[in-house]
$ cat data07.pdb   # PDB, C-alpha atoms
ATOM      1  CA  MET X   1       7.890   9.296  30.526
ATOM      2  CA  GLU X   2       7.949  12.374  28.330
ATOM      3  CA  PHE X   3       9.266  10.296  25.432
ATOM      4  CA  TYR X   4       6.575   7.678  26.066
ATOM      5  CA  HIS X   5       3.838  10.315  25.926
ATOM      6  CA  PHE X   6       5.323  11.640  22.665
ATOM      7  CA  ILE X   7       5.264   8.146  21.142
ATOM      8  CA  GLN X   8       1.744   7.601  22.477
ATOM      9  CA  GLU X   9       0.637  10.860  20.836
ATOM     10  CA  ILE X  10       2.007  10.153  17.364
ATOM     11  CA  MET X  11       1.571   6.349  17.246
ATOM     12  CA  PRO X  12      -2.038   6.454  15.936
ATOM     13  CA  TYR X  13      -0.861   8.655  13.066
ATOM     14  CA  ILE X  14       2.127   6.406  12.330
ATOM     15  CA  LEU X  15      -0.239   3.435  12.091
ATOM     16  CA  GLY X  16      -2.611   5.498   9.947
ATOM     17  CA  PHE X  17       0.115   6.434   7.450
ATOM     18  CA  THR X  18       1.597   2.926   7.511
ATOM     19  CA  ALA X  19      -1.607   1.045   6.653
ATOM     20  CA  PRO X  20      -2.014   2.174   2.996
ATOM     21  CA  ILE X  21       1.726   1.826   2.286
ATOM     22  CA  LEU X  22       1.842  -1.642   3.826
ATOM     23  CA  ILE X  23      -1.099  -3.148   1.996
ATOM     24  CA  THR X  24       0.059  -1.652  -1.319
ATOM     25  CA  ALA X  25       3.553  -3.035  -0.760
ATOM     26  CA  THR X  26       2.034  -6.440  -0.008
ATOM     27  CA  GLY X  27       0.256  -6.253  -3.344
ATOM     28  CA  GLY X  28       3.531  -5.396  -5.048
ATOM     29  CA  LEU X  29       5.076  -8.398  -3.310
ATOM     30  CA  PHE X  30       2.721 -10.777  -5.118
ATOM     31  CA  SER X  31       3.436  -9.191  -8.484
ATOM     32  CA  GLU X  32       7.190  -9.074  -8.106
ATOM     33  CA  ARG X  33       7.459 -12.562  -6.598
ATOM     34  CA  SER X  34       5.851 -13.782  -9.830
ATOM     35  CA  GLY X  35       8.488 -11.940 -11.865
ATOM     36  CA  VAL X  36       6.511  -8.855 -12.913
ATOM     37  CA  VAL X  37       7.849  -5.444 -11.875
ATOM     38  CA  ASN X  38       4.949  -3.237 -10.857
ATOM     39  CA  ILE X  39       5.938   0.409 -10.537
ATOM     40  CA  GLY X  40       2.336   1.243 -11.397
ATOM     41  CA  LEU X  41       1.333   0.880  -7.723
ATOM     42  CA  GLU X  42       1.038   4.666  -7.423
ATOM     43  CA  GLY X  43      -1.481   4.785 -10.262
ATOM     44  CA  LEU X  44      -3.415   1.807  -8.931
ATOM     45  CA  MET X  45      -3.725   3.573  -5.576
ATOM     46  CA  VAL X  46      -5.116   6.636  -7.361
ATOM     47  CA  VAL X  47      -7.768   4.431  -8.956
ATOM     48  CA  GLY X  48      -8.653   3.114  -5.493
ATOM     49  CA  THR X  49      -8.947   6.620  -4.027
ATOM     50  CA  PHE X  50     -11.245   7.717  -6.844
ATOM     51  CA  THR X  51     -13.497   4.656  -6.644
ATOM     52  CA  SER X  52     -13.925   4.928  -2.898
ATOM     53  CA  ALA X  53     -14.403   8.703  -2.974
ATOM     54  CA  ILE X  54     -17.007   8.749  -5.746
ATOM     55  CA  PHE X  55     -18.953   5.921  -4.091
ATOM     56  CA  VAL X  56     -18.995   7.577  -0.659
ATOM     57  CA  LYS X  57     -19.891  10.960  -2.163
ATOM     58  CA  SER X  58     -22.745   9.462  -4.180
ATOM     59  CA  MET X  59     -24.131   7.363  -1.332
ATOM     60  CA  VAL X  60     -24.085  10.276   1.108
ATOM     61  CA  SER X  61     -26.088  12.296  -1.433
ATOM     62  CA  VAL X  62     -28.659   9.493  -1.574
ATOM     63  CA  LEU X  63     -28.736   8.313   2.060
ATOM     64  CA  GLY X  64     -27.957  11.547   3.896
ATOM     65  CA  VAL X  65     -26.335   9.864   6.886
ATOM     66  CA  MET X  66     -24.049   7.094   5.714
ATOM     67  CA  PRO X  67     -23.615   3.983   7.880
ATOM     68  CA  GLN X  68     -20.038   2.941   8.550
ATOM     69  CA  TYR X  69     -20.389  -0.407   6.783
ATOM     70  CA  MET X  70     -20.972   1.459   3.513
ATOM     71  CA  VAL X  71     -17.492   2.975   3.908
ATOM     72  CA  TRP X  72     -16.118  -0.572   3.964
ATOM     73  CA  VAL X  73     -18.196  -1.375   0.883
ATOM     74  CA  SER X  74     -16.388   1.483  -0.875
ATOM     75  CA  ILE X  75     -13.076  -0.182   0.032
ATOM     76  CA  LEU X  76     -14.230  -3.457  -1.532
ATOM     77  CA  LEU X  77     -15.257  -1.621  -4.701
ATOM     78  CA  ALA X  78     -11.867   0.084  -4.798
ATOM     79  CA  ALA X  79     -10.263  -3.355  -4.558
ATOM     80  CA  LEU X  80     -12.303  -4.640  -7.501
ATOM     81  CA  VAL X  81     -11.644  -1.639  -9.735
ATOM     82  CA  GLY X  82      -7.957  -1.596  -8.780
ATOM     83  CA  GLY X  83      -7.694  -5.255  -9.749
ATOM     84  CA  LEU X  84      -9.418  -4.736 -13.083
ATOM     85  CA  PHE X  85      -7.281  -1.678 -13.893
ATOM     86  CA  SER X  86      -4.108  -3.636 -13.128
ATOM     87  CA  LEU X  87      -4.988  -6.072 -15.919
ATOM     88  CA  LEU X  88      -3.825  -3.383 -18.357
ATOM     89  CA  HIS X  89      -0.353  -3.765 -16.879
ATOM     90  CA  ALA X  90      -0.669  -7.552 -16.917
ATOM     91  CA  TYR X  91      -1.717  -7.572 -20.584
ATOM     92  CA  ALA X  92       1.138  -5.264 -21.616
ATOM     93  CA  SER X  93       3.873  -6.924 -19.573
ATOM     94  CA  VAL X  94       2.808 -10.584 -19.780
ATOM     95  CA  SER X  95       0.911 -11.040 -23.048
ATOM     96  CA  LEU X  96       2.590  -8.323 -25.128
ATOM     97  CA  LYS X  97       5.956  -8.803 -23.360
ATOM     98  CA  ALA X  98       6.382  -5.028 -23.182
ATOM     99  CA  ASP X  99       8.981  -3.373 -20.993
ATOM    100  CA  GLN X 100       7.461  -3.667 -17.509
ATOM    101  CA  VAL X 101       8.911  -0.372 -16.288
ATOM    102  CA  ILE X 102       7.401   1.523 -19.207
ATOM    103  CA  SER X 103       4.080  -0.254 -18.736
ATOM    104  CA  GLY X 104       4.018   0.657 -15.034
ATOM    105  CA  THR X 105       4.908   4.251 -15.859
ATOM    106  CA  ALA X 106       2.011   4.372 -18.300
ATOM    107  CA  ILE X 107      -0.322   3.169 -15.515
ATOM    108  CA  ASN X 108       0.953   5.961 -13.261
ATOM    109  CA  LEU X 109       0.300   8.562 -15.961
ATOM    110  CA  LEU X 110      -3.002   7.137 -17.122
ATOM    111  CA  ALA X 111      -4.702   6.691 -13.736
ATOM    112  CA  PRO X 112      -4.750  10.361 -12.601
ATOM    113  CA  ALA X 113      -5.787  11.530 -16.076
ATOM    114  CA  ILE X 114      -8.746   9.144 -16.309
ATOM    115  CA  THR X 115      -9.945   9.596 -12.724
ATOM    116  CA  LEU X 116      -9.768  13.399 -12.844
ATOM    117  CA  PHE X 117     -11.641  13.359 -16.165
ATOM    118  CA  LEU X 118     -14.334  11.102 -14.692
ATOM    119  CA  ALA X 119     -14.598  13.212 -11.537
ATOM    120  CA  GLU X 120     -15.086  16.359 -13.637
ATOM    121  CA  GLY X 121     -17.683  14.629 -15.779
ATOM    122  CA  LEU X 122     -19.625  12.981 -12.949
ATOM    123  CA  ILE X 123     -19.790  15.690 -10.294
ATOM    124  CA  GLY X 124     -18.476  18.796 -12.062
ATOM    125  CA  THR X 125     -15.214  19.161 -10.136
ATOM    126  CA  GLN X 126     -11.876  17.399  -9.987
ATOM    127  CA  ASN X 127     -11.778  17.530  -6.185
ATOM    128  CA  ILE X 128     -14.118  15.195  -4.313
ATOM    129  CA  THR X 129     -14.516  16.117  -0.653
ATOM    130  CA  LEU X 130     -15.705  13.302   1.579
ATOM    131  CA  PRO X 131     -18.086  14.070   4.451
ATOM    132  CA  VAL X 132     -17.316  10.758   6.166
ATOM    133  CA  GLY X 133     -14.334   8.409   6.462
ATOM    134  CA  LEU X 134     -13.213   5.409   8.461
ATOM    135  CA  LYS X 135     -14.374   5.521  12.067
ATOM    136  CA  ARG X 136     -11.691   6.427  14.573
ATOM    137  CA  TYR X 137     -11.921   4.911  18.056
ATOM    138  CA  ASP X 138     -10.814   7.928  20.126
ATOM    139  CA  ASN X 139     -11.789   6.254  23.390
ATOM    140  CA  GLY X 140     -10.005   3.064  22.467
ATOM    141  CA  ILE X 141     -11.115  -0.295  21.169
ATOM    142  CA  PRO X 142     -13.094  -2.069  23.918
ATOM    143  CA  LEU X 143     -11.050  -4.490  26.069
ATOM    144  CA  LEU X 144      -7.905  -4.209  23.904
ATOM    145  CA  SER X 145      -7.291  -0.584  24.912
ATOM    146  CA  LYS X 146      -7.188  -1.686  28.576
ATOM    147  CA  ILE X 147      -4.045  -3.799  28.063
ATOM    148  CA  PRO X 148      -1.232  -2.117  30.017
ATOM    149  CA  PHE X 149       1.226  -0.131  27.885
ATOM    150  CA  ILE X 150       0.278  -1.818  24.591
ATOM    151  CA  GLY X 151      -3.372  -0.765  24.796
ATOM    152  CA  GLU X 152      -2.559   2.938  24.945
ATOM    153  CA  LEU X 153      -0.097   2.697  22.078
ATOM    154  CA  PHE X 154      -1.829   0.446  19.596
ATOM    155  CA  PHE X 155      -5.537   0.355  20.439
ATOM    156  CA  THR X 156      -6.404   3.955  21.304
ATOM    157  CA  SER X 157      -7.351   6.721  18.815
ATOM    158  CA  VAL X 158      -6.998   4.360  15.844
ATOM    159  CA  ASN X 159      -9.309   2.945  13.195
ATOM    160  CA  LEU X 160      -9.664  -0.706  12.284
ATOM    161  CA  SER X 161      -7.884  -0.445   8.934
ATOM    162  CA  ILE X 162      -4.418  -1.146  10.378
ATOM    163  CA  TYR X 163      -5.569  -4.461  11.899
ATOM    164  CA  PHE X 164      -7.341  -5.365   8.661
ATOM    165  CA  VAL X 165      -4.078  -4.708   6.820
ATOM    166  CA  LEU X 166      -2.014  -6.733   9.311
ATOM    167  CA  LEU X 167      -4.322  -9.711   8.806
ATOM    168  CA  ILE X 168      -3.768  -9.456   5.056
ATOM    169  CA  VAL X 169       0.019  -9.346   5.569
ATOM    170  CA  ILE X 170      -0.103 -12.524   7.686
ATOM    171  CA  LEU X 171      -2.336 -14.152   5.087
ATOM    172  CA  ALA X 172       0.055 -13.086   2.316
ATOM    173  CA  TRP X 173       3.018 -14.571   4.179
ATOM    174  CA  PHE X 174       1.147 -17.843   4.627
ATOM    175  CA  ILE X 175       0.082 -18.013   0.963
ATOM    176  CA  ILE X 176       3.490 -17.137  -0.474
ATOM    177  CA  PHE X 177       5.685 -19.245   1.807
ATOM    178  CA  LYS X 178       3.476 -22.024   3.170
ATOM    179  CA  THR X 179       1.237 -23.133   0.306
ATOM    180  CA  SER X 180       1.806 -24.933  -2.993
ATOM    181  CA  TYR X 181       0.285 -21.918  -4.774
ATOM    182  CA  GLY X 182       2.942 -19.693  -3.225
ATOM    183  CA  LEU X 183       5.649 -22.162  -4.243
ATOM    184  CA  ARG X 184       4.478 -22.021  -7.871
ATOM    185  CA  LEU X 185       4.260 -18.226  -7.671
ATOM    186  CA  ARG X 186       7.839 -17.921  -6.436
ATOM    187  CA  ALA X 187       9.022 -20.423  -9.033
ATOM    188  CA  CYS X 188       7.607 -18.176 -11.765
ATOM    189  CA  GLY X 189       9.689 -15.315 -10.388
ATOM    190  CA  GLU X 190      12.868 -17.311  -9.945
ATOM    191  CA  ASN X 191      12.936 -19.634 -12.943
ATOM    192  CA  PRO X 192       9.787 -19.503 -15.076
ATOM    193  CA  HIS X 193      11.083 -22.031 -17.614
ATOM    194  CA  ALA X 194      11.707 -24.621 -14.896
ATOM    195  CA  ALA X 195       8.264 -23.897 -13.477
ATOM    196  CA  ASP X 196       6.727 -24.340 -16.914
ATOM    197  CA  SER X 197       8.505 -27.684 -17.338
ATOM    198  CA  MET X 198       6.836 -28.813 -14.085
ATOM    199  CA  GLY X 199       3.382 -28.001 -15.448
ATOM    200  CA  VAL X 200       2.926 -24.498 -14.000
ATOM    201  CA  ASN X 201       1.059 -22.080 -16.269
ATOM    202  CA  VAL X 202       3.424 -19.105 -15.941
ATOM    203  CA  VAL X 203       1.233 -16.688 -17.879
ATOM    204  CA  ARG X 204      -1.818 -17.433 -15.763
ATOM    205  CA  MET X 205       0.157 -17.200 -12.528
ATOM    206  CA  ARG X 206       1.584 -13.820 -13.493
ATOM    207  CA  TYR X 207      -1.852 -12.500 -14.478
ATOM    208  CA  GLN X 208      -3.226 -13.583 -11.105
ATOM    209  CA  ALA X 209      -0.308 -12.004  -9.235
ATOM    210  CA  VAL X 210      -0.678  -8.658 -11.005
ATOM    211  CA  PHE X 211      -4.435  -8.743 -10.394
ATOM    212  CA  ILE X 212      -3.849  -9.330  -6.657
ATOM    213  CA  SER X 213      -1.404  -6.414  -6.612
ATOM    214  CA  GLY X 214      -4.103  -4.226  -8.163
ATOM    215  CA  VAL X 215      -6.686  -5.379  -5.618
ATOM    216  CA  LEU X 216      -4.428  -4.597  -2.658
ATOM    217  CA  ALA X 217      -3.209  -1.289  -4.122
ATOM    218  CA  GLY X 218      -6.842  -0.297  -4.680
ATOM    219  CA  ILE X 219      -7.558  -1.035  -1.021
ATOM    220  CA  GLY X 220      -4.473   0.987  -0.090
ATOM    221  CA  GLY X 221      -5.731   3.984  -2.032
ATOM    222  CA  ALA X 222      -9.171   3.722  -0.453
ATOM    223  CA  ILE X 223      -7.756   3.491   3.079
ATOM    224  CA  PHE X 224      -5.557   6.502   2.349
ATOM    225  CA  VAL X 225      -8.391   8.775   1.206
ATOM    226  CA  LEU X 226     -10.758   7.568   3.943
ATOM    227  CA  THR X 227      -8.266   8.081   6.774
ATOM    228  CA  TYR X 228      -6.678  11.547   6.580
ATOM    229  CA  PRO X 229      -7.118  13.740   3.517
ATOM    230  CA  LEU X 230     -10.818  12.888   3.038
ATOM    231  CA  GLU X 231     -10.452  14.471  -0.380
ATOM    232  CA  PHE X 232      -9.732  13.022  -3.809
ATOM    233  CA  ASN X 233      -7.535  15.182  -6.038
ATOM    234  CA  GLY X 234      -5.796  12.621  -8.254
ATOM    235  CA  LEU X 235      -2.781  12.264  -5.948
ATOM    236  CA  VAL X 236      -1.633   9.850  -3.225
ATOM    237  CA  ASN X 237       1.471  11.823  -2.215
ATOM    238  CA  GLY X 238       3.957   9.280  -3.531
ATOM    239  CA  LEU X 239       2.790   6.476  -1.214
ATOM    240  CA  GLY X 240       2.810   4.014  -4.106
ATOM    241  CA  PHE X 241       6.488   4.686  -4.691
ATOM    242  CA  LEU X 242       7.190   4.335  -0.968
ATOM    243  CA  ALA X 243       5.431   0.969  -1.102
ATOM    244  CA  LEU X 244       7.717  -0.042  -3.947
ATOM    245  CA  ALA X 245      10.744   1.149  -1.963
ATOM    246  CA  SER X 246       9.520  -0.907   1.005
ATOM    247  CA  LEU X 247       9.857  -4.043  -1.108
ATOM    248  CA  ILE X 248      13.533  -3.274  -1.660
ATOM    249  CA  PHE X 249      14.131  -2.495   2.022
ATOM    250  CA  GLY X 250      12.166  -5.561   3.046
ATOM    251  CA  LYS X 251      14.003  -7.815   0.580
ATOM    252  CA  TRP X 252      10.675  -9.042  -0.801
ATOM    253  CA  ARG X 253       9.657 -10.668   2.517
ATOM    254  CA  PRO X 254       6.323  -9.709   4.140
ATOM    255  CA  PHE X 255       7.462  -9.053   7.706
ATOM    256  CA  ASN X 256      10.589  -7.208   6.598
ATOM    257  CA  VAL X 257       8.316  -5.083   4.421
ATOM    258  CA  LEU X 258       6.202  -4.395   7.516
ATOM    259  CA  GLY X 259       9.248  -2.942   9.272
ATOM    260  CA  ALA X 260      10.134  -0.812   6.247
ATOM    261  CA  THR X 261       6.628   0.598   5.958
ATOM    262  CA  LEU X 262       6.596   1.465   9.676
ATOM    263  CA  PHE X 263       9.757   3.482   9.043
ATOM    264  CA  PHE X 264       8.186   5.321   6.102
ATOM    265  CA  GLY X 265       4.948   5.805   8.048
ATOM    266  CA  GLY X 266       6.947   7.280  10.923
ATOM    267  CA  MET X 267       8.775   9.688   8.632
ATOM    268  CA  SER X 268       5.507  10.801   7.031
ATOM    269  CA  THR X 269       4.043  11.415  10.492
ATOM    270  CA  LEU X 270       7.043  13.455  11.600
ATOM    271  CA  ALA X 271       6.801  15.546   8.434
ATOM    272  CA  THR X 272       3.105  16.169   8.983
ATOM    273  CA  PHE X 273       3.520  17.171  12.634
ATOM    274  CA  SER X 274       6.809  19.018  12.245
ATOM    275  CA  GLN X 275       5.095  22.407  12.428
ATOM    276  CA  VAL X 276       2.594  21.720  15.215
ATOM    277  CA  ASN X 277       4.150  19.268  17.673
ATOM    278  CA  GLU X 278       6.410  20.980  20.227
ATOM    279  CA  THR X 279       8.740  17.981  20.586
ATOM    280  CA  ILE X 280       9.344  17.769  16.839
ATOM    281  CA  LYS X 281       9.613  21.548  16.511
ATOM    282  CA  SER X 282      12.364  21.488  19.125
ATOM    283  CA  LEU X 283      14.530  19.553  16.619
ATOM    284  CA  GLN X 284      14.480  22.725  14.482
ATOM    285  CA  LEU X 285      14.394  20.779  11.220
ATOM    286  CA  PRO X 286      12.299  21.988   8.272
ATOM    287  CA  ARG X 287       9.330  19.854   7.230
ATOM    288  CA  GLU X 288      11.017  19.158   3.899
ATOM    289  CA  ALA X 289      13.811  17.354   5.733
ATOM    290  CA  PHE X 290      11.376  14.735   7.030
ATOM    291  CA  ASN X 291       9.731  14.459   3.623
ATOM    292  CA  ILE X 292      12.936  13.667   1.774
ATOM    293  CA  ILE X 293      14.354  11.205   4.350
ATOM    294  CA  PRO X 294      12.379   8.197   2.968
ATOM    295  CA  PHE X 295      13.564   8.877  -0.558
ATOM    296  CA  ILE X 296      17.185   9.397   0.516
ATOM    297  CA  ALA X 297      16.941   6.151   2.479
ATOM    298  CA  THR X 298      15.640   4.442  -0.675
ATOM    299  CA  ILE X 299      18.635   5.613  -2.699
ATOM    300  CA  ILE X 300      20.988   4.407   0.048
ATOM    301  CA  ALA X 301      19.218   1.037   0.135
ATOM    302  CA  LEU X 302      19.576   0.686  -3.623
ATOM    303  CA  LEU X 303      23.304   1.382  -3.358
ATOM    304  CA  VAL X 304      23.792  -0.992  -0.417
ATOM    305  CA  PHE X 305      21.716  -3.867  -1.783
ATOM    306  CA  SER X 306      22.675  -3.506  -5.447
ATOM    307  CA  ARG X 307      25.445  -6.118  -5.145
ATOM    308  CA  ASN X 308      23.540  -8.427  -2.817
ATOM    309  CA  SER X 309      19.980  -8.159  -3.999
ATOM    310  CA  ASN X 310      17.426 -10.742  -2.925
ATOM    311  CA  ALA X 311      15.072  -9.827  -5.742
ATOM    312  CA  PRO X 312      13.499 -12.710  -7.681
ATOM    313  CA  LYS X 313      15.990 -13.749 -10.353
ATOM    314  CA  ALA X 314      13.533 -13.447 -13.245
ATOM    315  CA  LEU X 315      12.076 -10.141 -12.029
ATOM    316  CA  GLY X 316      11.348  -7.885 -14.990
ATOM    317  CA  GLU X 317      12.005 -10.542 -17.624
ATOM    318  CA  PRO X 318       9.115 -11.281 -20.006
ATOM    319  CA  TYR X 319       8.437 -15.002 -20.221
ATOM    320  CA  ASP X 320       9.186 -16.448 -23.652
ATOM    321  CA  THR X 321       8.503 -20.148 -24.138
ATOM    322  CA  GLY X 322      10.817 -20.144 -27.157
ATOM    323  CA  LYS X 323      13.826 -19.658 -24.862
ATOM    324  CA  ARG X 324      13.325 -22.954 -23.029
TER     325      ARG X 324
END
$ encode --input "data07.pdb" --output "structure tokens"
Amino acid sequence: MEFYHFIQEIMPYILGFTAPILITATGGLFSERSGVVNIGLEGLMVVGTFTSAIFVKSMVSVLGVMPQYMVWVSILLAALVGGLFSLLHAYASVSLKADQVISGTAINLLAPAITLFLAEGLIGTQNITLPVGLKRYDNGIPLLSKIPFIGELFFTSVNLSIYFVLLIVILAWFIIFKTSYGLRLRACGENPHAADSMGVNVVRMRYQAVFISGVLAGIGGAIFVLTYPLEFNGLVNGLGFLALASLIFGKWRPFNVLGATLFFGGMSTLATFSQVNETIKSLQLPREAFNIIPFIATIIALLVFSRNSNAPKALGEPYDTGKR
């Protein structure tokens, strides 16, 4: 029972840390299934955090007390801006056929610089503190929290973002693996020339996939800043890179990615509570040990899967019609 109470105590935080990683990884799944590497997820999340933070800060100044639905409006705006910003990566990697890793790196460098500059210019400081975030249901979600065992674990002291994200993951699985659009998307990532010969517009499909990845990464950034830090400072603590690592662990399949992100969310929670929770403190491990575990696990996964990778065969290869 003691272990159950420990899991019950930290589960809301695991779900809270998992949600932004999971939805960002799902966005990366679309991009990489189309054949475009997107290591710019970290930067796209930063854009989402800034958009949501500046909107909430501005609306609170105008309205005083901000209704909860306006917080969700900020998430939608973050999705839109994230999608538009990702088109820079799409233009460089698809139209200009630039190295996709370098293009993604540029996104990661550009996003914090632009958002911090805008924050300084708009409100006079690079740190935006939010007076309100996503509502947390401390007393449990009505009806669902009364389900024996499951209700206390998954429907108490949580906010709705994790269920919103899970719906998107299910929708993503259905689109990618059960629709003709998903079949064309995967064909672009496996053999773009064959897809082109069947009438699929590879360039358009890859633009759409990168845009979707930007939309979902923007949502991920917004959920992150509205859940725990409640402060924009140009950083998302490496969650974008963890989302990318989740794709490798999950072998580019949505529900495998869900398991990988739960692992990373759990490690992030243990690191956060390592100095305050008595059960974790009893392990006598420094906080840094929990922080580095996800990245060590990523390196191990790369070594293990390097010879048996399930990555799309044309991942990272610019599409050139002249090579048909």
$ resolve_selection --input "data07.pdb" --expression "the PyMOL selection byres ((chain X and resi 117-121) around 10)" --output "ChimeraX atom specification"
/X:50-51,53-54,111-116,122-128,232-234
$ write_last_selection --input "data07.pdb" --atoms "C-alpha atoms" --output "mmCIF file, in the frame of the given file"
data_model
loop_
_atom_site.group_PDB
_atom_site.id
_atom_site.type_symbol
_atom_site.label_atom_id
_atom_site.label_comp_id
_atom_site.auth_asym_id
_atom_site.auth_seq_id
_atom_site.Cartn_x
_atom_site.Cartn_y
_atom_site.Cartn_z
ATOM 1 C CA PHE X 50 -11.245 7.717 -6.844
ATOM 2 C CA THR X 51 -13.497 4.656 -6.644
ATOM 3 C CA ALA X 53 -14.403 8.703 -2.974
ATOM 4 C CA ILE X 54 -17.007 8.749 -5.746
ATOM 5 C CA ALA X 111 -4.702 6.691 -13.736
ATOM 6 C CA PRO X 112 -4.750 10.361 -12.601
ATOM 7 C CA ALA X 113 -5.787 11.530 -16.076
ATOM 8 C CA ILE X 114 -8.746 9.144 -16.309
ATOM 9 C CA THR X 115 -9.945 9.596 -12.724
ATOM 10 C CA LEU X 116 -9.768 13.399 -12.844
ATOM 11 C CA LEU X 122 -19.625 12.981 -12.949
ATOM 12 C CA ILE X 123 -19.790 15.690 -10.294
ATOM 13 C CA GLY X 124 -18.476 18.796 -12.062
ATOM 14 C CA THR X 125 -15.214 19.161 -10.136
ATOM 15 C CA GLN X 126 -11.876 17.399 -9.987
ATOM 16 C CA ASN X 127 -11.778 17.530 -6.185
ATOM 17 C CA ILE X 128 -14.118 15.195 -4.313
ATOM 18 C CA PHE X 232 -9.732 13.022 -3.809
ATOM 19 C CA ASN X 233 -7.535 15.182 -6.038
ATOM 20 C CA GLY X 234 -5.796 12.621 -8.254
#
$ resolve_selection --input "data07.pdb" --expression "the PyMOL selection byres ((chain X and resi 25) around 10)" --output "MDAnalysis selection string"
chainID X and resid 19:24 26:31 41 169 213 216:217 220 239:247 250 252 254 257:258 260:261
$ residues_near_point --input "data07.pdb" --point "(-13.8, -2.6, -4.3)" --cutoff "10 Å" --atoms "all atoms listed in the file" --output "PyMOL selection string"
chain X and resi 48+51-52+55+72-83+215-216+218-219+222
$ resolve_selection --input "data07.pdb" --expression "the PyMOL selection byres ((chain X and resi 12) around 12)" --output "ChimeraX atom specification"
/X:6-11,13-19,136-138,140,151-162,227-228,262,265-266,269
$ write_last_selection --input "data07.pdb" --atoms "C-alpha atoms" --output "PDB file, in the frame of the given file"
ATOM      1  CA  PHE X   6       5.323  11.640  22.665  1.00  0.00           C
ATOM      2  CA  ILE X   7       5.264   8.146  21.142  1.00  0.00           C
ATOM      3  CA  GLN X   8       1.744   7.601  22.477  1.00  0.00           C
ATOM      4  CA  GLU X   9       0.637  10.860  20.836  1.00  0.00           C
ATOM      5  CA  ILE X  10       2.007  10.153  17.364  1.00  0.00           C
ATOM      6  CA  MET X  11       1.571   6.349  17.246  1.00  0.00           C
ATOM      7  CA  TYR X  13      -0.861   8.655  13.066  1.00  0.00           C
ATOM      8  CA  ILE X  14       2.127   6.406  12.330  1.00  0.00           C
ATOM      9  CA  LEU X  15      -0.239   3.435  12.091  1.00  0.00           C
ATOM     10  CA  GLY X  16      -2.611   5.498   9.947  1.00  0.00           C
ATOM     11  CA  PHE X  17       0.115   6.434   7.450  1.00  0.00           C
ATOM     12  CA  THR X  18       1.597   2.926   7.511  1.00  0.00           C
ATOM     13  CA  ALA X  19      -1.607   1.045   6.653  1.00  0.00           C
ATOM     14  CA  ARG X 136     -11.691   6.427  14.573  1.00  0.00           C
ATOM     15  CA  TYR X 137     -11.921   4.911  18.056  1.00  0.00           C
ATOM     16  CA  ASP X 138     -10.814   7.928  20.126  1.00  0.00           C
ATOM     17  CA  GLY X 140     -10.005   3.064  22.467  1.00  0.00           C
ATOM     18  CA  GLY X 151      -3.372  -0.765  24.796  1.00  0.00           C
ATOM     19  CA  GLU X 152      -2.559   2.938  24.945  1.00  0.00           C
ATOM     20  CA  LEU X 153      -0.097   2.697  22.078  1.00  0.00           C
ATOM     21  CA  PHE X 154      -1.829   0.446  19.596  1.00  0.00           C
ATOM     22  CA  PHE X 155      -5.537   0.355  20.439  1.00  0.00           C
ATOM     23  CA  THR X 156      -6.404   3.955  21.304  1.00  0.00           C
ATOM     24  CA  SER X 157      -7.351   6.721  18.815  1.00  0.00           C
ATOM     25  CA  VAL X 158      -6.998   4.360  15.844  1.00  0.00           C
ATOM     26  CA  ASN X 159      -9.309   2.945  13.195  1.00  0.00           C
ATOM     27  CA  LEU X 160      -9.664  -0.706  12.284  1.00  0.00           C
ATOM     28  CA  SER X 161      -7.884  -0.445   8.934  1.00  0.00           C
ATOM     29  CA  ILE X 162      -4.418  -1.146  10.378  1.00  0.00           C
ATOM     30  CA  THR X 227      -8.266   8.081   6.774  1.00  0.00           C
ATOM     31  CA  TYR X 228      -6.678  11.547   6.580  1.00  0.00           C
ATOM     32  CA  LEU X 262       6.596   1.465   9.676  1.00  0.00           C
ATOM     33  CA  GLY X 265       4.948   5.805   8.048  1.00  0.00           C
ATOM     34  CA  GLY X 266       6.947   7.280  10.923  1.00  0.00           C
ATOM     35  CA  THR X 269       4.043  11.415  10.492  1.00  0.00           C
TER      36      THR X 269
END
$ closest_residue --input "data07.pdb" --among "X:Ala271, X:Val225, X:Val165, X:Ala106" --to "Thr49 of chain X" --atoms "only C-alpha atoms"
X:Val225
$ residues_around --input "data07.pdb" --residues "Val71 of chain X" --least-positions-apart "5" --cutoff "7 Å" --atoms "all atoms listed in the file" --output "PDB file with C-alpha atoms, in the coordinates of the input"
ATOM      1  CA  VAL X  56     -18.995   7.577  -0.659  1.00  0.00           C
ATOM      2  CA  GLY X 133     -14.334   8.409   6.462  1.00  0.00           C
ATOM      3  CA  LEU X 134     -13.213   5.409   8.461  1.00  0.00           C
TER       4      LEU X 134
END
$ closest_residue --input "data07.pdb" --among "X:Leu285, X:Ala314, X:Ile248, X:Ile102" --to "Ala187 of chain X" --atoms "all atoms listed in the file"
X:Ala314
$ residues_around --input "data07.pdb" --residues "Val37 of chain X" --least-positions-apart "6" --cutoff "9 Å" --atoms "all atoms listed in the file" --output "JSON list (two decimals) with C-alpha atoms, in the frame of the given file"
[["chain", "number", "residue", "atom", "x", "y", "z"],
["X", 28, "GLY", "CA", 3.53, -5.40, -5.05],
["X", 31, "SER", "CA", 3.44, -9.19, -8.48],
["X", 93, "SER", "CA", 3.87, -6.92, -19.57],
["X", 100, "GLN", "CA", 7.46, -3.67, -17.51],
["X", 101, "VAL", "CA", 8.91, -0.37, -16.29],
["X", 104, "GLY", "CA", 4.02, 0.66, -15.03],
["X", 315, "LEU", "CA", 12.08, -10.14, -12.03],
["X", 316, "GLY", "CA", 11.35, -7.88, -14.99],
["X", 317, "GLU", "CA", 12.00, -10.54, -17.62]]
$ residues_near_point --input "data07.pdb" --point "(11.3, 17.3, 5.4)" --cutoff "10 Å" --atoms "only C-alpha atoms" --output "number ranges by chain"
X: 267-268, 270-272, 274, 285-294
